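Here's the structure, in structure tokens; my notes come after.
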Amino acid sequence: MIGRFEELLRELGRIFELELHVDRQHACSIQIHPRLIIQLQLDTSQENLWIFTKVAEAPPGKFRENILKEALKANALPDPRPGLFGFISSINQLAQFQKYPLHILNGERLSGMIGAFLEMAETWQEAILNGQSAPIEMKHSPFGLK
């Protein structure tokens with residue numbers, strides 16, 4: 001019998017024209033380009049789908065402080081947000097993640113959510129790789145709020 005996660009991956013695979021399946025860690029990783037891999041995985045309750053990616057390295061120092069400050073501002077924005085940020089200190093990585101209830105998902109809906117998630121990750125990754133602590137549009141918040 002096929003599980004709901006495997007069924008969702010098959011639907012998503014048809015849309016992306018990829019063969020997607022669950023690995024030994026009960027997750028599915030999709031390499032978007034050499035610098036970005038997203039991981040899909042169910043939580044322990046098997047009721048929620050987590051989407052995760054490592055965005056960029058943030059080495060110790062003032063630049064990391066600025067990145068994390070901007071990431072916290074992004075996390076404080078109102079929903080809906082394509083993703084939230086976290087920091088993996090053991091590997092100095094800014095990470096992005098999001099959780100969705102499995103029962104609301106189908107391949108088409110998930111592909112749209114992944115698209116928004118990837119756009120956010122790529123925008124932040126590009127900014128950080130270019131020496132900016134956040135994408136330009138993040139630094140200029142509405143009404144001059146900081």
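Chain lettering (A, B, ...) mirrors the order of the structure tokens, residue numbering begins at 1 for each chain separately, and ligand numbering begins at 1 in order of display.
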
Please identify every residue of region 14-60 of chain A that has at least one atom no farther than 12 Å from an atom of region 67-76 of chain A, counting only C-alpha atoms, and for each give the shortest atom pair and the distance in Å to one decimal, arranged by chain then increasing number, as a tab-separated table.
```
residue	atom	partner	partner_atom	distance
A:Val55	CA	A:Ala71	CA	11.3
A:Ala56	CA	A:Ile67	CA	10.2
A:Glu57	CA	A:Ile67	CA	10.2
A:Ala58	CA	A:Ile67	CA	7.4
A:Pro59	CA	A:Ile67	CA	10.1
A:Pro60	CA	A:Ile67	CA	10.7
```

Residues from the last selection, N, CA, C and O atoms, saved as an mmCIF file, in the first residue's frame:
```
data_model
loop_
_atom_site.group_PDB
_atom_site.id
_atom_site.type_symbol
_atom_site.label_atom_id
_atom_site.label_comp_id
_atom_site.auth_asym_id
_atom_site.auth_seq_id
_atom_site.Cartn_x
_atom_site.Cartn_y
_atom_site.Cartn_z
ATOM 1 N N VAL A 55 20.370 27.840 2.890
ATOM 2 C CA VAL A 55 20.383 29.004 2.002
ATOM 3 C C VAL A 55 21.804 29.438 1.667
ATOM 4 O O VAL A 55 22.168 29.532 0.493
ATOM 5 N N ALA A 56 22.600 29.714 2.694
ATOM 6 C CA ALA A 56 23.962 30.213 2.457
ATOM 7 C C ALA A 56 24.771 30.137 3.732
ATOM 8 O O ALA A 56 24.224 30.173 4.836
ATOM 9 N N GLU A 57 26.090 30.088 3.565
ATOM 10 C CA GLU A 57 26.973 30.121 4.719
ATOM 11 C C GLU A 57 26.975 31.533 5.294
ATOM 12 O O GLU A 57 26.961 32.521 4.557
ATOM 13 N N ALA A 58 26.988 31.599 6.617
ATOM 14 C CA ALA A 58 27.072 32.877 7.321
ATOM 15 C C ALA A 58 28.203 32.757 8.341
ATOM 16 O O ALA A 58 27.981 32.404 9.492
ATOM 17 N N PRO A 59 29.438 33.037 7.916
ATOM 18 C CA PRO A 59 30.588 32.870 8.810
ATOM 19 C C PRO A 59 30.532 33.856 9.974
ATOM 20 O O PRO A 59 29.894 34.907 9.879
ATOM 21 N N PRO A 60 31.188 33.514 11.087
ATOM 22 C CA PRO A 60 31.173 34.390 12.261
ATOM 23 C C PRO A 60 31.628 35.810 11.931
ATOM 24 O O PRO A 60 32.474 36.014 11.073
#
```

- Task: For Ala121 (chain A), please output as a count of residues only all residues within 10 Å (counting only C-alpha atoms; exclusion window: fewer than 2 positions along the same chain).
- Result: 25

- Message: As an exercise, work out the distance from CA of Arg10 (chain A) to CA of Ile30 (chain A) in Å and give it to one decimal place.
- Response: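 Atom-to-atom, CA of Arg10 (chain A) and CA of Ile30 (chain A) are spaced 13.2 Å apart.
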
- Message: Report as JSON, numbers by chain all protein, DNA and RNA residues lying within 12 Å of Glu6 (chain A), evaluated on only C-alpha atoms, omitting residues in the same chain fewer than 4 positions from it.
- Response: {"A": [1, 2, 10, 11, 12, 13, 19, 20, 21, 22, 23, 26, 27, 28, 40, 41, 42, 46, 49, 102, 106, 107]}

- Item | Residue list (strand (DSSP E), DSSP) for chain A, as a ChimeraX atom specification | /A:27-33,36-42,48-57,84-88,93-101

- DSSP-assigned alpha helix (DSSP H) among chain A, expressed as a PyMOL selection string: chain A and resi 4-16+62-75+107-129+136-139

Just C-alpha atoms for this one: save the residues we selected as an mmCIF file, in the first residue's frame.
```
data_model
loop_
_atom_site.group_PDB
_atom_site.id
_atom_site.type_symbol
_atom_site.label_atom_id
_atom_site.label_comp_id
_atom_site.auth_asym_id
_atom_site.auth_seq_id
_atom_site.Cartn_x
_atom_site.Cartn_y
_atom_site.Cartn_z
ATOM 1 C CA ARG A 4 0.109 9.639 1.447
ATOM 2 C CA PHE A 5 3.652 11.095 1.305
ATOM 3 C CA GLU A 6 4.661 8.736 -1.525
ATOM 4 C CA GLU A 7 1.443 9.587 -3.374
ATOM 5 C CA LEU A 8 2.146 13.300 -2.971
ATOM 6 C CA LEU A 9 5.684 12.821 -4.307
ATOM 7 C CA ARG A 10 4.335 10.986 -7.363
ATOM 8 C CA GLU A 11 1.899 13.837 -8.073
ATOM 9 C CA LEU A 12 4.662 16.394 -7.626
ATOM 10 C CA GLY A 13 7.004 14.339 -9.788
ATOM 11 C CA ARG A 14 4.522 14.392 -12.659
ATOM 12 C CA ILE A 15 4.372 18.187 -12.457
ATOM 13 C CA PHE A 16 8.170 18.590 -12.222
ATOM 14 C CA LYS A 62 29.459 41.332 11.834
ATOM 15 C CA PHE A 63 28.153 40.116 8.455
ATOM 16 C CA ARG A 64 26.564 37.067 10.144
ATOM 17 C CA GLU A 65 25.034 39.317 12.796
ATOM 18 C CA ASN A 66 23.500 41.474 10.067
ATOM 19 C CA ILE A 67 22.196 38.437 8.152
ATOM 20 C CA LEU A 68 20.579 37.010 11.278
ATOM 21 C CA LYS A 69 19.080 40.376 12.216
ATOM 22 C CA GLU A 70 17.505 40.661 8.749
ATOM 23 C CA ALA A 71 16.329 37.026 8.894
ATOM 24 C CA LEU A 72 14.588 37.719 12.209
ATOM 25 C CA LYS A 73 12.837 40.699 10.622
ATOM 26 C CA ALA A 74 11.700 38.446 7.767
ATOM 27 C CA ASN A 75 10.413 35.889 10.290
ATOM 28 C CA GLY A 107 0.863 17.842 -6.161
ATOM 29 C CA GLU A 108 -0.325 21.054 -7.773
ATOM 30 C CA ARG A 109 -0.735 22.979 -4.526
ATOM 31 C CA LEU A 110 2.626 21.742 -3.240
ATOM 32 C CA SER A 111 4.389 22.733 -6.466
ATOM 33 C CA GLY A 112 3.118 26.297 -6.006
ATOM 34 C CA MET A 113 4.265 26.358 -2.399
ATOM 35 C CA ILE A 114 7.662 25.002 -3.390
ATOM 36 C CA GLY A 115 7.907 27.646 -6.118
ATOM 37 C CA ALA A 116 7.369 30.478 -3.623
ATOM 38 C CA PHE A 117 9.716 28.782 -1.136
ATOM 39 C CA LEU A 118 12.460 28.477 -3.772
ATOM 40 C CA GLU A 119 12.037 32.049 -4.944
ATOM 41 C CA MET A 120 12.562 33.258 -1.388
ATOM 42 C CA ALA A 121 15.590 31.000 -0.844
ATOM 43 C CA GLU A 122 17.193 31.987 -4.151
ATOM 44 C CA THR A 123 16.645 35.698 -3.502
ATOM 45 C CA TRP A 124 18.294 35.475 -0.087
ATOM 46 C CA GLN A 125 21.074 33.230 -1.350
ATOM 47 C CA GLU A 126 21.907 35.619 -4.185
ATOM 48 C CA ALA A 127 21.930 38.617 -1.823
ATOM 49 C CA ILE A 128 24.234 36.908 0.676
ATOM 50 C CA LEU A 129 26.592 35.652 -2.026
ATOM 51 C CA ILE A 136 17.164 44.829 -1.187
ATOM 52 C CA GLU A 137 13.357 44.694 -0.836
ATOM 53 C CA MET A 138 13.759 43.312 2.723
ATOM 54 C CA LYS A 139 15.944 46.218 3.815
#
```

- Could you work out how far CA of Ile32 (chain A) lies from CA of Asp79 (chain A), giving the answer in Å with one decimal?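 CA of Ile32 (chain A) lies 25.2 Å from CA of Asp79 (chain A).
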
- Message: Using Å and a single decimal, report how far CA of Arg24 (chain A) sits from CA of Lys99 (chain A).
- Response: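 One can read the CA of Lys99 (chain A) to CA of Arg24 (chain A) distance as 20.9 Å.
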